[in-house]
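Heads up: the structure comes next, in C-alpha cells.
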Amino acid sequence: MGQLFHPNANAIAKISIFGGVFIVAALVWAAAELYRSPYVTRAGDPISQPVPFSHKHHVSDVGIDCRYCHASVERSSFAGIPPTKTCIGCHAILWADAPMLEPVRKSFQTGDPIRWKRVNYLPQFVFFNHSIHVNKGIGCTSCHGPVGEMPLTWQQETLHMRWCLDCHENPEKFVRPVEEVFNPHWKPPANQLEQGRKLVKQHNIKKLNDCYTCHR
Amino acid sequence: MNPNVPNPSTDAAASHSLLPRGHTYGSVTEKISEVVLTTRTPWSWLFGFSVGFTLLMVLMMAVAWLFYRGVGIWGVQVPVGWGFAIVNFVWWIGIGHAGTLISAILLLFRQEWRTSINRFAEAMTLFAVACAAIFPLLHLGRPWVFYWLFPYPDTMRLWPQWRSPLVWDVFAVSTYATVSFMFWYVGLLPDLGNMRDRARNRFVRVLYGMMAMGWRGAATHWHRYKIAYLLLAGLSTPLVLSVHSVVSMDFTIGIVPGWHSTIFPPYFVAGAIFSGFAMVMTLTIPVRKIYHLEEFFTIRHLDNMAKVLLATGMMVSYGYLMETFMAWYSHGKFEIYAVINRASGPYAVFFWAMIACNVLAPQVFWFKKARQHIPTLFVISLVVNLGMWLERFVIVIVSLHRDFMPSAWAMYYPTIWDWATLFGSIGLFLTLMLLFIRFLPMISMFELREQVAEQTEKKEAPR
C-alpha cells in the first residue's frame, strides 16, 4: 500500500496540536479585548446632537454650574435634561439670531422638545440614582470625565459592571469633599487615600457590592 | 469472506469463555472492522436511526421553543422549581457512569471480561454525559450566558459562587466529559490505525488516517500508549466516585426534607453504576443480535453484568432502607413526613413503582437461569432504567412538592414540553450511539487480539 500522507503531515499534526492551544487562546484574548474596546463600549466617541452643544464652552468658558441645567441631580435618580426654556433664558438675548441655534428656537416656538441623543446608556436592569452619589461626595467628573473639556459630549468610561464595582468596593479612592462635587476641574489631592478614608467615615459610606444594590 | 472466520458459535458453546476457540488475529479484526467498512447498512440500523433522528428533531423543537419562550413552558413552579430538567440530568449522568467504571476500574483490577464491552460502554458514557449536560444548561433562566459559570476574565467582575453546587456540577461534569473523551479516544487510536489500513476507499482512508494521528504500531507507540492508557485509567477511577457524589450534593446541601442526608453520595454512586450497567445491557443485547456479535458479547459478559446489577441494586435498596430508618431515628417531624408522603402521598404510585423496579426486579438475578436468559435480561434492564428515572423523580419532585409549610405545597404536572425534552434527549443519545456503531469499531480489536494471543499461549504452554 502506498504512502497515505506526505511526510509534511507530521509537521502539520504538530502545529495543529500547538495551534489548538495557542490559536484558540489568542482568539479568546482578541474577543475579550474587542469587547472592552471603545469600538464596542463607545467610550470616548463624541455623539453628534441636533444642536452641537458644547459643554466646554458653557462650563469652562462661561462658568455655568452643572445644576443650572441638570437641576434634579441632587434630589432625583435622574440628573435631568433641561427644557428648551432653560436655553432660551440666555439665548433670547445672546446669539438670538445664530443659525446654529435654529432648532432651539423652533423647539421653543412649537413646544416640541429637542431630541437629544443619550450619551451614557445604562441598561434597564440597573437602578442608578444620581442624588445619592452626588450627596455622598462622588463628583460629576468621577464618572462623566472632564465634561468641561468636551466640545461635543462623549461617554468617558466603559460603564462595565467591573468599572462600577471598582468604586463600590474602594470608594475612598474616588470620594471628594461634598463642596467639590460640582467642580469640573477638581483633581484628587496627593493624600486622596487618607482624605478619602476620612470622608468615607464622615459620610458613612458603605461598601455596597451586593447584587441587589443595583439589580433590584 | 476470510476462510479463517469460524461459524458464529452458539450461545451454549460460548457460555463459559470470553472468546470462542478458533479465532485468529485476522478473523477477529475482520469480523469487527467489517461492521464499519461494509457498504451495506442493516435495515435495523436505518430503522433505529430514523427513530433516533426523529426524536432528536423533537428535542431541537423543544429547545428552540424553550429559548424563545423561557422555562415557563415547563411544568416547573413554586415550590417545584427543579422539575424534569434535574430529574433527567441526574438520570443521564448516572447512566454515564458505567463506561468509565468498566474501562478504568475493571482495567486496574485486571478483569479481562471488560475487553469486549469497554469501547461500547465508554461511547455510551460520552453520549449519556452529553445528554446530561444539556439539562442544567436548559434549566438556566438565560442559557445563552451559561459561560458565567466559569471563572473567566469578564467585564462584570462576577466570579463563580463556589458555595453553589451548580458550580461544582460544572466542574465535575466537564472534567468527567473531558477525561472520558480522552480515555475513549486514546483507546481508539490503535484501532483507528487499523481501520485506516483496511479501508478500501481513499477518502475513508485519509479520514481514519487523520483520526489515527500517525499511529504506526511501532514499539515506541505501544510503549507510550500503555503508559498513557494506564495514567488515564488512574485519572478516571476517582472520577467514577466523585462525579455522582458531587451531583448528590446538589441535593444534600439543601435543607429540604428528603434531601438533607449524608447517605446520598455513596447511594447515588451505587445508583449510577446500577443504571449505567442496565443501559449497557439494554444496548448490547440488540446490537449483538443484529451484528451477530454473540461470540464477542458473550453470555458470560451478560451474566457478569447481571451480577453487577444485582449487587448495585442491593446497595440502592440499602439506601432506601436507610433513608427510611434515618427519618424515624431523627425524630424529625418533617423528615418523617417526607417518607410518609413518598409512600402514601399523591405520588405514591411512583414510589412503589420505583421499589418494584429497583428493589424487586433485580432479585431474579440470584438465579443463573435468569442471568443467562436473554429476554429476561433485556426486560429487567429496561425496567431498571425506568426505575432509576423514577427514583430521581421521587427524590427531586416528591421531596420538593411538600416541604415545611403546607400553605406552600403544590402539585407538579409536567407539560408536553417536559416530555418532549426527555424523549428528545433519548433521541440524541440513540442518534449518537448509532452513528458510533456505524462509523467506529465498537469493540476494541487490538485488545481482543491480545486475548487471542493469551488463549493460544495457554493452549500451547506445557503443563
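In the C-alpha cells, the first chain shown is A, the next is B, and so on; residue numbers restart at 1 for each chain, and ligands run from 1 in the order shown.
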
Could you give me the residues within stretch 249-290 of chain B that DSSP places in alpha helix (DSSP H), as a PyMOL selection string? chain B and resi 249-252+264-290

With only C-alpha atoms as the counted atoms, please give the residues lying no more than 7 Å from B:Ile285, apart from itself and same-chain residues fewer than 4 positions off, as a VMD selection string. chain B and resid 281 289 378

Excluding stretch 322-327 of chain B and any residue of its chain fewer than 4 positions from it, enumerate the residues within 7 Å of it, using only C-alpha atoms, and give them as a ChimeraX atom specification. /B:318,331-332,335-336,339

Check every residue of chain A for an atom within 9 Å of chain B, counting only C-alpha atoms, and provide those that qualify as a list in words. Met1, Leu4, Phe5, Ala9, Asn10, Ala13, Ala32, Tyr35, Arg36, His160, Met161, Arg162, Trp163, Cys164 and Leu165 of chain A

With only C-alpha atoms as the basis for distance, which of B:Gly387, B:Gly187, B:Pro160, B:Gly254 is at the shortest distance from B:Phe146?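 Distance minimum relative to B:Phe146 lands on B:Pro160.
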
Please provide as an MDAnalysis selection string all residues within 10 Å of stretch 207-216 of chain A, with the sequence filter that same-chain residues fewer than 4 positions apart are discarded (counting only C-alpha atoms). chainID A and resid 124:129 164:171 200

Serialized selection, N, CA and C atoms, as a compact mmCIF listing (two decimals), in the first residue's frame:
```txt
# COMPACT_ATOMS: atom_id res chain seq x y z
N GLN A 124 -31.69 48.74 31.45
CA GLN A 124 -32.83 48.95 32.35
C GLN A 124 -32.78 48.11 33.61
N PHE A 125 -31.99 47.05 33.60
CA PHE A 125 -31.95 46.22 34.81
C PHE A 125 -31.00 46.78 35.86
N VAL A 126 -30.43 47.94 35.60
CA VAL A 126 -29.58 48.59 36.60
C VAL A 126 -30.31 49.80 37.14
N PHE A 127 -30.45 49.85 38.46
CA PHE A 127 -31.05 51.03 39.08
C PHE A 127 -29.93 51.95 39.52
N PHE A 128 -29.84 53.10 38.86
CA PHE A 128 -28.80 54.04 39.21
C PHE A 128 -29.47 55.30 39.71
N ASN A 129 -28.96 55.85 40.83
CA ASN A 129 -29.54 57.05 41.41
C ASN A 129 -28.47 58.13 41.50
N CYS A 164 -18.08 49.90 37.68
CA CYS A 164 -18.91 50.33 38.81
C CYS A 164 -18.33 49.80 40.11
N LEU A 165 -17.98 48.48 40.08
CA LEU A 165 -17.53 47.83 41.31
C LEU A 165 -16.16 48.34 41.75
N ASP A 166 -15.36 48.82 40.80
CA ASP A 166 -14.06 49.37 41.20
C ASP A 166 -14.24 50.44 42.26
N CYS A 167 -15.28 51.26 42.11
CA CYS A 167 -15.53 52.32 43.08
C CYS A 167 -16.36 51.79 44.25
N HIS A 168 -17.36 50.96 43.96
CA HIS A 168 -18.22 50.47 45.04
C HIS A 168 -17.42 49.67 46.07
N GLU A 169 -16.32 49.10 45.63
CA GLU A 169 -15.52 48.33 46.59
C GLU A 169 -14.42 49.16 47.23
N ASN A 170 -13.98 50.22 46.55
CA ASN A 170 -12.94 51.09 47.12
C ASN A 170 -13.35 52.56 47.01
N PRO A 171 -14.42 52.96 47.69
CA PRO A 171 -14.89 54.34 47.49
C PRO A 171 -13.85 55.38 47.90
N VAL A 200 -15.12 58.82 53.85
CA VAL A 200 -15.94 57.61 53.87
C VAL A 200 -16.56 57.44 55.25
```

Straight-line distance linking atom CA of A:Thr158 with atom CA of A:Pro38, stated in Å to one decimal: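 Between atom CA of A:Thr158 and atom CA of A:Pro38 the gap is 7.6 Å.
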
Could you pull the residues within 12 Å of A:Cys69, counting only C-alpha atoms, minus those fewer than 5 positions along the same chain, as a list in words? His55, His58, Val59, Ile64, Ala79, Gly80, Ile81, Pro82, Pro83, Thr84, Lys85, Thr86, Cys87, Ile88, Gly89 and Cys90 of chain A

All residues 10 Å or closer to A:Arg75, only C-alpha atoms, same chain fewer than 4 positions away omitted, as a list in words: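 The neighbour list is Ala71, Ala79, Asn129, His130, Ser131, Ile132, Val134 and Asn135 of chain A.
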
Could you list, as a PDB file with N, CA and C atoms, in the first residue's frame, every residue within 12 Å of B:Pro136, counting only C-alpha atoms and ignoring same-chain residues fewer than 2 positions away?
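New file part.pdb:
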```
ATOM      1  N   VAL B  71     -38.348  29.163  30.530  1.00  0.00           N
ATOM      2  CA  VAL B  71     -38.656  27.925  31.257  1.00  0.00           C
ATOM      3  C   VAL B  71     -40.119  27.821  31.666  1.00  0.00           C
ATOM      4  N   TRP B  82     -37.397  22.572  40.259  1.00  0.00           N
ATOM      5  CA  TRP B  82     -36.376  21.795  39.552  1.00  0.00           C
ATOM      6  C   TRP B  82     -36.930  20.931  38.435  1.00  0.00           C
ATOM      7  N   GLY B  83     -38.062  20.312  38.690  1.00  0.00           N
ATOM      8  CA  GLY B  83     -38.766  19.625  37.619  1.00  0.00           C
ATOM      9  C   GLY B  83     -37.996  18.558  36.860  1.00  0.00           C
ATOM     10  N   PHE B  84     -38.481  18.312  35.642  1.00  0.00           N
ATOM     11  CA  PHE B  84     -37.925  17.242  34.817  1.00  0.00           C
ATOM     12  C   PHE B  84     -36.468  17.492  34.461  1.00  0.00           C
ATOM     13  N   ALA B  85     -36.086  18.755  34.314  1.00  0.00           N
ATOM     14  CA  ALA B  85     -34.730  19.029  33.845  1.00  0.00           C
ATOM     15  C   ALA B  85     -33.706  18.378  34.764  1.00  0.00           C
ATOM     16  N   ILE B  86     -33.918  18.515  36.073  1.00  0.00           N
ATOM     17  CA  ILE B  86     -32.928  17.970  37.003  1.00  0.00           C
ATOM     18  C   ILE B  86     -33.091  16.451  37.117  1.00  0.00           C
ATOM     19  N   VAL B  87     -34.343  15.979  37.037  1.00  0.00           N
ATOM     20  CA  VAL B  87     -34.562  14.525  37.045  1.00  0.00           C
ATOM     21  C   VAL B  87     -33.779  13.893  35.889  1.00  0.00           C
ATOM     22  N   ASN B  88     -33.937  14.473  34.709  1.00  0.00           N
ATOM     23  CA  ASN B  88     -33.275  13.912  33.527  1.00  0.00           C
ATOM     24  C   ASN B  88     -31.762  14.055  33.609  1.00  0.00           C
ATOM     25  N   PHE B  89     -31.320  15.189  34.130  1.00  0.00           N
ATOM     26  CA  PHE B  89     -29.876  15.402  34.275  1.00  0.00           C
ATOM     27  C   PHE B  89     -29.258  14.301  35.129  1.00  0.00           C
ATOM     28  N   VAL B  90     -29.845  14.054  36.295  1.00  0.00           N
ATOM     29  CA  VAL B  90     -29.268  13.068  37.205  1.00  0.00           C
ATOM     30  C   VAL B  90     -29.376  11.675  36.604  1.00  0.00           C
ATOM     31  N   TRP B  92     -29.364  10.821  33.363  1.00  0.00           N
ATOM     32  CA  TRP B  92     -28.376  10.620  32.294  1.00  0.00           C
ATOM     33  C   TRP B  92     -26.962  10.546  32.849  1.00  0.00           C
ATOM     34  N   ILE B  93     -26.653  11.417  33.790  1.00  0.00           N
ATOM     35  CA  ILE B  93     -25.274  11.405  34.282  1.00  0.00           C
ATOM     36  C   ILE B  93     -25.018  10.095  35.022  1.00  0.00           C
ATOM     37  N   VAL B 129     -23.321  11.511  28.953  1.00  0.00           N
ATOM     38  CA  VAL B 129     -22.882  12.760  29.592  1.00  0.00           C
ATOM     39  C   VAL B 129     -23.301  13.951  28.739  1.00  0.00           C
ATOM     40  N   ALA B 130     -23.218  13.794  27.409  1.00  0.00           N
ATOM     41  CA  ALA B 130     -23.658  14.888  26.530  1.00  0.00           C
ATOM     42  C   ALA B 130     -25.141  15.172  26.754  1.00  0.00           C
ATOM     43  N   CYS B 131     -25.952  14.104  26.865  1.00  0.00           N
ATOM     44  CA  CYS B 131     -27.382  14.299  27.124  1.00  0.00           C
ATOM     45  C   CYS B 131     -27.598  14.950  28.470  1.00  0.00           C
ATOM     46  N   ALA B 132     -26.807  14.507  29.464  1.00  0.00           N
ATOM     47  CA  ALA B 132     -26.968  15.061  30.811  1.00  0.00           C
ATOM     48  C   ALA B 132     -26.636  16.542  30.811  1.00  0.00           C
ATOM     49  N   ALA B 133     -25.545  16.898  30.133  1.00  0.00           N
ATOM     50  CA  ALA B 133     -25.035  18.262  30.249  1.00  0.00           C
ATOM     51  C   ALA B 133     -26.011  19.291  29.711  1.00  0.00           C
ATOM     52  N   ILE B 134     -26.874  18.912  28.761  1.00  0.00           N
ATOM     53  CA  ILE B 134     -27.755  19.936  28.213  1.00  0.00           C
ATOM     54  C   ILE B 134     -28.836  20.355  29.219  1.00  0.00           C
ATOM     55  N   LEU B 138     -30.209  24.066  29.954  1.00  0.00           N
ATOM     56  CA  LEU B 138     -31.550  24.474  29.553  1.00  0.00           C
ATOM     57  C   LEU B 138     -32.325  25.023  30.741  1.00  0.00           C
ATOM     58  N   HIS B 139     -31.992  24.492  31.915  1.00  0.00           N
ATOM     59  CA  HIS B 139     -32.724  24.882  33.117  1.00  0.00           C
ATOM     60  C   HIS B 139     -32.310  26.268  33.611  1.00  0.00           C
ATOM     61  N   LEU B 140     -31.175  26.770  33.150  1.00  0.00           N
ATOM     62  CA  LEU B 140     -30.791  28.144  33.491  1.00  0.00           C
ATOM     63  C   LEU B 140     -31.835  29.067  32.875  1.00  0.00           C
ATOM     64  N   GLY B 141     -32.188  30.105  33.586  1.00  0.00           N
ATOM     65  CA  GLY B 141     -33.183  31.016  33.029  1.00  0.00           C
ATOM     66  C   GLY B 141     -32.700  31.613  31.720  1.00  0.00           C
ATOM     67  N   ARG B 142     -31.421  31.952  31.660  1.00  0.00           N
ATOM     68  CA  ARG B 142     -30.871  32.522  30.435  1.00  0.00           C
ATOM     69  C   ARG B 142     -29.705  31.657  29.975  1.00  0.00           C
ATOM     70  N   PRO B 143     -30.006  30.589  29.218  1.00  0.00           N
ATOM     71  CA  PRO B 143     -28.971  29.593  28.886  1.00  0.00           C
ATOM     72  C   PRO B 143     -27.832  30.185  28.065  1.00  0.00           C
ATOM     73  N   PHE B 146     -24.513  30.886  29.834  1.00  0.00           N
ATOM     74  CA  PHE B 146     -24.043  29.784  30.681  1.00  0.00           C
ATOM     75  C   PHE B 146     -22.566  29.944  31.051  1.00  0.00           C
ATOM     76  N   LEU B 149     -20.764  30.682  34.420  1.00  0.00           N
ATOM     77  CA  LEU B 149     -20.444  29.694  35.457  1.00  0.00           C
ATOM     78  C   LEU B 149     -18.955  29.408  35.534  1.00  0.00           C
ATOM     79  N   PRO B 165     -23.668  24.491  44.537  1.00  0.00           N
ATOM     80  CA  PRO B 165     -23.446  23.180  43.907  1.00  0.00           C
ATOM     81  C   PRO B 165     -23.542  23.247  42.392  1.00  0.00           C
ATOM     82  N   LEU B 166     -24.220  24.245  41.858  1.00  0.00           N
ATOM     83  CA  LEU B 166     -24.300  24.360  40.404  1.00  0.00           C
ATOM     84  C   LEU B 166     -22.900  24.511  39.814  1.00  0.00           C
ATOM     85  N   VAL B 167     -22.057  25.284  40.513  1.00  0.00           N
ATOM     86  CA  VAL B 167     -20.678  25.472  40.047  1.00  0.00           C
ATOM     87  C   VAL B 167     -19.886  24.170  40.197  1.00  0.00           C
ATOM     88  N   ASP B 169     -21.116  21.250  39.941  1.00  0.00           N
ATOM     89  CA  ASP B 169     -21.589  20.415  38.839  1.00  0.00           C
ATOM     90  C   ASP B 169     -20.835  20.731  37.563  1.00  0.00           C
ATOM     91  N   VAL B 170     -20.673  22.025  37.293  1.00  0.00           N
ATOM     92  CA  VAL B 170     -19.997  22.422  36.062  1.00  0.00           C
ATOM     93  C   VAL B 170     -18.619  21.791  36.010  1.00  0.00           C
ATOM     94  N   VAL B 173     -18.827  17.724  35.969  1.00  0.00           N
ATOM     95  CA  VAL B 173     -19.293  17.145  34.709  1.00  0.00           C
ATOM     96  C   VAL B 173     -18.314  17.448  33.576  1.00  0.00           C
ATOM     97  N   VAL B 247     -22.851  15.418  42.269  1.00  0.00           N
ATOM     98  CA  VAL B 247     -24.236  15.609  41.848  1.00  0.00           C
ATOM     99  C   VAL B 247     -25.180  15.410  43.032  1.00  0.00           C
ATOM    100  N   ASP B 250     -25.829  18.394  45.164  1.00  0.00           N
ATOM    101  CA  ASP B 250     -26.845  19.363  44.747  1.00  0.00           C
ATOM    102  C   ASP B 250     -28.040  19.274  45.688  1.00  0.00           C
TER     103      ASP B 250
END
```
